[in-house]
file model_20.pdb (PDB, C-alpha atoms)
MODEL        1
ATOM      1  CA  MET C   7      -7.026 -36.446  -6.271
ATOM      2  CA  SER C   8      -9.961 -35.527  -4.054
ATOM      3  CA  ILE C   9     -12.287 -32.609  -4.700
ATOM      4  CA  PHE C  10     -11.055 -31.043  -1.471
ATOM      5  CA  VAL C  11      -7.440 -30.917  -2.619
ATOM      6  CA  VAL C  12      -8.564 -29.430  -5.940
ATOM      7  CA  ALA C  13     -10.709 -26.792  -4.206
ATOM      8  CA  MET C  14      -7.898 -25.858  -1.843
ATOM      9  CA  ALA C  15      -5.361 -25.627  -4.692
ATOM     10  CA  VAL C  16      -7.667 -23.470  -6.830
ATOM     11  CA  GLY C  17      -8.343 -21.134  -3.915
ATOM     12  CA  LEU C  18      -4.694 -20.745  -2.913
ATOM     13  CA  LEU C  19      -3.454 -20.305  -6.487
ATOM     14  CA  GLY C  20      -6.172 -17.762  -7.159
ATOM     15  CA  LEU C  21      -5.273 -15.756  -4.066
ATOM     16  CA  ALA C  22      -1.591 -15.902  -4.996
ATOM     17  CA  SER C  23      -2.337 -14.634  -8.518
ATOM     18  CA  MET C  24      -4.290 -11.722  -7.036
ATOM     19  CA  ALA C  25      -1.528 -10.814  -4.586
ATOM     20  CA  LEU C  26       1.447 -11.144  -6.961
ATOM     21  CA  PRO C  27       0.779  -8.054  -9.141
ATOM     22  CA  GLY C  28       0.464  -5.908  -6.004
ATOM     23  CA  LEU C  29       3.774  -7.199  -4.654
ATOM     24  CA  ILE C  30       5.510  -6.526  -7.982
ATOM     25  CA  ARG C  31       4.136  -2.985  -8.114
ATOM     26  CA  ARG C  32       5.168  -2.368  -4.510
ATOM     27  CA  SER C  33       8.700  -3.572  -5.267
ATOM     28  CA  GLY C  34       8.890  -1.361  -8.345
ATOM     29  CA  SER C  35       7.686   1.660  -6.413
ATOM     30  CA  HIS C  36      11.046   1.905  -4.630
ATOM     31  CA  HIS C  37      12.677   3.037  -7.903
ATOM     32  CA  GLY C  38      11.039   6.454  -7.871
ATOM     33  CA  LEU C  39       8.381   8.629  -6.335
ATOM     34  CA  GLY C  40       6.495   8.793  -9.622
ATOM     35  CA  HIS C  41       6.031   5.025  -9.635
ATOM     36  CA  ALA C  42       5.075   5.070  -5.976
ATOM     37  CA  GLN C  43       2.462   7.733  -6.650
ATOM     38  CA  GLY C  44       0.963   5.780  -9.539
ATOM     39  CA  GLY C  45       0.967   2.553  -7.522
ATOM     40  CA  ALA C  46      -0.775   4.259  -4.638
ATOM     41  CA  ALA C  47      -3.414   5.683  -6.959
ATOM     42  CA  ARG C  48      -4.073   2.249  -8.429
ATOM     43  CA  ALA C  49      -4.183   0.757  -4.954
ATOM     44  CA  GLY C  50      -6.674   3.442  -3.976
ATOM     45  CA  GLY C  51      -8.875   2.336  -6.875
ATOM     46  CA  ARG C  52      -8.721  -1.273  -5.732
ATOM     47  CA  GLY C  53      -9.540  -0.245  -2.182
ATOM     48  CA  ALA C  54     -12.523   1.776  -3.378
ATOM     49  CA  SER C  55     -13.795  -1.160  -5.442
ATOM     50  CA  PHE C  56     -13.471  -3.426  -2.413
ATOM     51  CA  ARG C  57     -15.438  -1.000  -0.263
ATOM     52  CA  ARG C  58     -18.163  -0.609  -2.891
ATOM     53  CA  GLY C  59     -18.561  -4.376  -3.024
ATOM     54  CA  GLN C  60     -18.729  -4.558   0.766
ATOM     55  CA  GLY C  61     -21.267  -1.746   0.877
ATOM     56  CA  GLY C  62     -23.683  -3.598  -1.347
ATOM     57  CA  GLY C  63     -23.993  -1.210  -4.286
ATOM     58  CA  ARG C  64     -25.875  -2.023  -7.455
ATOM     59  CA  HIS C  65     -24.024  -5.315  -7.770
ATOM     60  CA  GLY C  66     -23.473  -5.908  -4.057
ATOM     61  CA  TRP C  67     -25.086  -9.338  -4.359
ATOM     62  CA  VAL C  68     -22.214 -10.558  -6.564
ATOM     63  CA  PRO C  69     -19.603 -12.252  -4.325
ATOM     64  CA  GLU C  70     -16.110 -10.839  -4.516
ATOM     65  CA  PRO C  71     -13.481 -13.006  -6.242
ATOM     66  CA  ARG C  72     -11.317 -12.738  -3.135
ATOM     67  CA  LYS C  73     -14.104 -14.071  -0.920
ATOM     68  CA  VAL C  74     -14.878 -16.929  -3.310
ATOM     69  CA  LEU C  75     -11.219 -17.955  -3.367
ATOM     70  CA  ASP C  76     -10.982 -17.713   0.418
ATOM     71  CA  LEU C  77     -13.992 -19.992   0.803
ATOM     72  CA  LEU C  78     -12.672 -22.466  -1.765
ATOM     73  CA  ALA C  79      -9.342 -22.755   0.045
ATOM     74  CA  LEU C  80     -11.010 -23.110   3.448
ATOM     75  CA  PHE C  81     -13.626 -25.554   2.170
ATOM     76  CA  GLY C  82     -10.879 -27.691   0.666
ATOM     77  CA  ALA C  83      -8.783 -27.576   3.836
ATOM     78  CA  PHE C  84     -11.632 -28.478   6.206
ATOM     79  CA  GLY C  85     -13.059 -31.058   3.827
ATOM     80  CA  ASN C  86      -9.703 -32.750   3.420
ATOM     81  CA  LEU C  87      -9.258 -32.779   7.189
ATOM     82  CA  LEU C  88     -12.636 -34.420   7.752
ATOM     83  CA  ASP C  89     -12.138 -36.854   4.875
ATOM     84  CA  VAL C  90      -8.577 -37.953   5.589
ATOM     85  CA  ALA C  91      -8.123 -37.429   9.315
ATOM     86  CA  LEU C  92     -11.576 -38.499  10.497
ATOM     87  CA  GLY C  93     -12.447 -40.847   7.650
ATOM     88  CA  TRP C  94     -15.798 -39.239   6.860
ATOM     89  CA  PRO C  95     -17.456 -40.066   3.524
ATOM     90  CA  VAL C  96     -16.874 -37.427   0.857
ATOM     91  CA  TRP C  97     -20.466 -36.169   0.861
ATOM     92  CA  ARG C  98     -20.513 -35.861   4.642
ATOM     93  CA  ALA C  99     -17.101 -34.165   4.726
ATOM     94  CA  ALA C 100     -18.298 -31.706   2.062
ATOM     95  CA  LEU C 101     -21.342 -30.762   4.125
ATOM     96  CA  GLY C 102     -19.305 -30.592   7.315
ATOM     97  CA  ALA C 103     -16.705 -28.289   5.752
ATOM     98  CA  ILE C 104     -19.179 -25.590   4.708
ATOM     99  CA  LEU C 105     -19.952 -24.101   8.126
ATOM    100  CA  PRO C 106     -16.364 -23.838   9.466
ATOM    101  CA  ALA C 107     -15.228 -22.360   6.132
ATOM    102  CA  LEU C 108     -17.899 -19.655   6.346
ATOM    103  CA  ILE C 109     -17.079 -18.910   9.986
ATOM    104  CA  VAL C 110     -13.306 -18.658   9.511
ATOM    105  CA  GLU C 111     -13.715 -16.484   6.412
ATOM    106  CA  ALA C 112     -16.089 -14.092   8.178
ATOM    107  CA  VAL C 113     -14.333 -13.951  11.551
ATOM    108  CA  VAL C 114     -10.659 -14.186  10.565
ATOM    109  CA  LEU C 115      -9.937 -13.597   6.876
ATOM    110  CA  ALA C 116     -12.438 -10.845   6.058
ATOM    111  CA  PRO C 117     -11.183  -8.555   8.876
ATOM    112  CA  LEU C 118      -7.595  -9.224   7.817
ATOM    113  CA  TRP C 119      -8.368  -8.261   4.208
ATOM    114  CA  ARG C 120     -10.133  -5.089   5.328
ATOM    115  CA  TRP C 121      -7.148  -4.188   7.497
ATOM    116  CA  ALA C 122      -4.704  -4.758   4.611
ATOM    117  CA  LEU C 123      -6.798  -2.841   2.076
ATOM    118  CA  ARG C 124      -7.131   0.084   4.467
ATOM    119  CA  PHE C 125      -3.426   0.757   3.926
ATOM    120  CA  GLN C 126      -3.381  -0.104   0.233
ATOM    121  CA  GLY C 127      -6.352   2.109  -0.448
ATOM    122  CA  ARG C 128      -4.822   5.202   1.097
ATOM    123  CA  PRO C 129      -3.773   7.478  -1.802
ATOM    124  CA  SER C 130      -0.506   9.397  -1.630
ATOM    125  CA  THR C 131      -0.811  13.076  -0.802
ATOM    126  CA  PRO C 132       0.354  15.349  -3.622
ATOM    127  CA  MET C 133       3.939  16.543  -3.448
ATOM    128  CA  ALA C 134       2.675  20.115  -3.291
ATOM    129  CA  ALA C 135       1.533  19.364   0.264
ATOM    130  CA  LEU C 136       5.207  19.345   1.285
ATOM    131  CA  ILE C 137       5.480  23.122   0.803
ATOM    132  CA  LEU C 138       6.282  24.852   4.128
ATOM    133  CA  GLU C 139       6.957  21.459   5.742
ATOM    134  CA  GLU C 140      10.177  20.754   7.592
ATOM    135  CA  ALA C 141      13.009  18.909   5.826
ATOM    136  CA  ARG C 142      16.224  17.471   7.257
ATOM    137  CA  ALA C 143      19.490  17.553   5.364
ATOM    138  CA  VAL C 144      20.674  14.003   4.643
ATOM    139  CA  THR C 145      23.866  15.236   2.989
ATOM    140  CA  ALA C 146      25.866  18.425   3.305
ATOM    141  CA  PHE C 147      24.910  20.949   0.622
ATOM    142  CA  ARG C 148      27.427  21.839  -2.073
ATOM    143  CA  ASN C 149      26.726  24.744  -4.424
ATOM    144  CA  GLY C 150      23.232  24.958  -2.990
ATOM    145  CA  ARG C 151      22.360  21.323  -3.736
ATOM    146  CA  GLY C 152      21.945  18.257  -1.554
ATOM    147  CA  ILE C 153      19.587  15.535  -0.367
ATOM    148  CA  VAL C 154      16.857  16.085   2.211
ATOM    149  CA  SER C 155      14.462  13.850   4.092
ATOM    150  CA  VAL C 156      10.795  14.842   4.384
ATOM    151  CA  VAL C 157       7.827  13.094   5.969
ATOM    152  CA  ARG C 158       5.183  12.148   3.426
ATOM    153  CA  ASP C 159       2.142  10.081   4.383
ATOM    154  CA  GLY C 160       3.817   9.193   7.654
ATOM    155  CA  ARG C 161       7.013   7.922   6.016
ATOM    156  CA  ALA C 162      10.437   9.509   5.675
ATOM    157  CA  VAL C 163      11.204  10.088   1.971
ATOM    158  CA  GLN C 164      14.518  11.319   0.587
ATOM    159  CA  LEU C 165      14.481  13.848  -2.243
ATOM    160  CA  PRO C 166      17.116  15.858  -4.112
ATOM    161  CA  ALA C 167      16.923  19.495  -3.066
ATOM    162  CA  ARG C 168      18.131  22.935  -4.141
ATOM    163  CA  MET C 169      18.449  25.974  -1.944
ATOM    164  CA  VAL C 170      16.488  29.061  -2.910
ATOM    165  CA  ALA C 171      18.585  31.791  -4.515
ATOM    166  CA  GLU C 172      18.604  33.864  -1.334
ATOM    167  CA  HIS C 173      20.286  31.048   0.649
ATOM    168  CA  VAL C 174      22.531  29.365  -1.938
ATOM    169  CA  GLY C 175      25.665  30.328  -0.050
ATOM    170  CA  ALA C 176      24.412  29.143   3.350
ATOM    171  CA  ALA C 177      26.337  26.302   5.023
ATOM    172  CA  VAL C 178      24.081  23.258   5.439
ATOM    173  CA  SER C 179      25.349  20.191   7.274
ATOM    174  CA  VAL C 180      23.862  16.730   7.756
ATOM    175  CA  GLY C 181      20.890  16.895  10.117
ATOM    176  CA  ASP C 182      20.216  20.615   9.706
ATOM    177  CA  ARG C 183      16.580  21.689   9.635
ATOM    178  CA  LEU C 184      15.325  23.275   6.433
ATOM    179  CA  GLN C 185      11.986  24.402   5.053
ATOM    180  CA  VAL C 186      10.427  23.262   1.770
ATOM    181  CA  THR C 187       9.446  26.292  -0.283
ATOM    182  CA  ASP C 188       8.489  24.706  -3.610
ATOM    183  CA  VAL C 189       8.382  21.368  -5.426
ATOM    184  CA  ASP C 190       9.230  20.368  -8.980
ATOM    185  CA  LEU C 191       6.857  17.564  -9.924
ATOM    186  CA  ALA C 192       8.535  16.837 -13.265
ATOM    187  CA  ARG C 193      12.044  16.430 -11.824
ATOM    188  CA  GLU C 194      10.893  15.177  -8.421
ATOM    189  CA  TRP C 195      13.028  17.514  -6.352
ATOM    190  CA  VAL C 196      12.275  20.334  -3.935
ATOM    191  CA  HIS C 197      13.398  23.871  -3.260
ATOM    192  CA  VAL C 198      14.434  24.417   0.339
ATOM    193  CA  ALA C 199      15.470  27.347   2.496
ATOM    194  CA  LEU C 200      16.639  27.999   6.012
ATOM    195  CA  PRO C 201      13.815  27.748   8.594
ATOM    196  CA  ASN C 202      11.138  30.452   8.733
ATOM    197  CA  PHE C 203      12.031  31.723   5.264
ATOM    198  CA  VAL C 204       9.609  34.201   3.692
ATOM    199  CA  ARG C 205      10.205  34.795  -0.007
ATOM    200  CA  GLY C 206      11.139  38.354  -0.647
ATOM    201  CA  GLY C 207      11.990  39.000   2.983
ATOM    202  CA  GLY C 208      14.747  36.503   3.929
ATOM    203  CA  THR C 209      15.015  34.793   7.329
TER     204      THR C 209
ENDMDL
END

call {"tool": "encode", "arguments": {"input": "model_20.pdb", "output": "structure tokens"}}
result
Amino acid sequence: MSIFVVAMAVGLLGLASMALPGLIRRSGSHHGLGHAQGGAARAGGRGASFRRGQGGGRHGWVPEPRKVLDLLALFGAFGNLLDVALGWPVWRAALGAILPALIVEAVVLAPLWRWALRFQGRPSTPMAALILEEARAVTAFRNGRGIVSVVRDGRAVQLPARMVAEHVGAAVSVGDRLQVTDVDLAREWVHVALPNFVRGGGT
């Protein structure tokens, strides 16, 4: 097995091992907002670490593991191409693979990683930010309880909801507009009211 195949395999396996935990966490985040919030916070930490490395902090001279693995995979791919396809000697193929690997990593892969981490590194806004925001009824309300859809961080999120005491008897159908008045972080549900509700004054 040539050194190029080994380098390419090490790079690709390393990148896969770095990506797999993130994919697992993202899949698990669909089981609850609490998990999603924790995953976003951890992603924010990874994004911040990436940016610190890019910014050249105290240890900015240390290459990032991601960049090293990218270069290994590209070096192996270009070296194997030059060795097998063009029949270059190993030493010449190794030298010839360095420059294209550096160029592709800098021009193609690095911008792609920055683009991906820009979304991963964006922390979730706290649920308290939903107060006074508009909600849409996803189900009809029965006994003052139902499911609503709210926009959080640009995405529609469904949450269990309870009407405030003043509006418990109000008829709420699917698609009706409501207003978030409070959130329960422990239970992950919201209090809602009819639009333009002011506590103590009604509609």

call {"tool": "resolve_selection", "arguments": {"input": "model_20.pdb", "expression": "the PyMOL selection byres ((chain C and resi 98) around 12)", "output": "tab-separated table (two decimals) with C-alpha atoms, in the frame of the given file"}}
result
chain	number	residue	atom	x	y	z
C	84	PHE	CA	-11.63	-28.48	6.21
C	85	GLY	CA	-13.06	-31.06	3.83
C	86	ASN	CA	-9.70	-32.75	3.42
C	87	LEU	CA	-9.26	-32.78	7.19
C	88	LEU	CA	-12.64	-34.42	7.75
C	89	ASP	CA	-12.14	-36.85	4.88
C	92	LEU	CA	-11.58	-38.50	10.50
C	93	GLY	CA	-12.45	-40.85	7.65
C	94	TRP	CA	-15.80	-39.24	6.86
C	95	PRO	CA	-17.46	-40.07	3.52
C	96	VAL	CA	-16.87	-37.43	0.86
C	97	TRP	CA	-20.47	-36.17	0.86
C	99	ALA	CA	-17.10	-34.16	4.73
C	100	ALA	CA	-18.30	-31.71	2.06
C	101	LEU	CA	-21.34	-30.76	4.12
C	102	GLY	CA	-19.30	-30.59	7.32
C	103	ALA	CA	-16.70	-28.29	5.75
C	104	ILE	CA	-19.18	-25.59	4.71

call {"tool": "residues_around", "arguments": {"input": "model_20.pdb", "residues": "stretch 164-172 of chain C", "least_positions_apart": "6", "cutoff": "7 Å", "atoms": "all atoms listed in the file", "output": "MDAnalysis selection string"}}
result
chainID C and resid 150:156 195:199

call {"tool": "residues_around", "arguments": {"input": "model_20.pdb", "residues": "C:Gly181", "least_positions_apart": "5", "cutoff": "7 Å", "atoms": "all atoms listed in the file", "output": "CSV table (one decimal) with C-alpha atoms, in the coordinates of the input"}}
result
chain,number,residue,atom,x,y,z
C,142,ARG,CA,16.2,17.5,7.3
C,143,ALA,CA,19.5,17.6,5.4
C,144,VAL,CA,20.7,14.0,4.6

call {"tool": "residues_around", "arguments": {"input": "model_20.pdb", "residues": "C:Leu138", "least_positions_apart": "6", "cutoff": "7 Å", "atoms": "only C-alpha atoms", "output": "MDAnalysis selection string"}}
result
chainID C and resid 185:187

call {"tool": "resolve_selection", "arguments": {"input": "model_20.pdb", "expression": "the PyMOL selection byres ((chain C and resi 191) around 12)", "output": "ChimeraX atom specification"}}
result
/C:39-40,43,132-136,165-166,188-190,192-197

call {"tool": "closest_residue", "arguments": {"input": "model_20.pdb", "among": "C:Met14, C:Ala162, C:Leu19, C:Leu184", "to": "C:Ala107", "atoms": "only C-alpha atoms"}}
result
C:Met14

call {"tool": "atom_distance", "arguments": {"input": "model_20.pdb", "atom1": "atom CA of C:Val11", "atom2": "atom CA of C:Val114"}}
result
21.5 Å

call {"tool": "atom_distance", "arguments": {"input": "model_20.pdb", "atom1": "atom CA of C:Leu75", "atom2": "atom CA of C:Val90"}}
result
22.1 Å
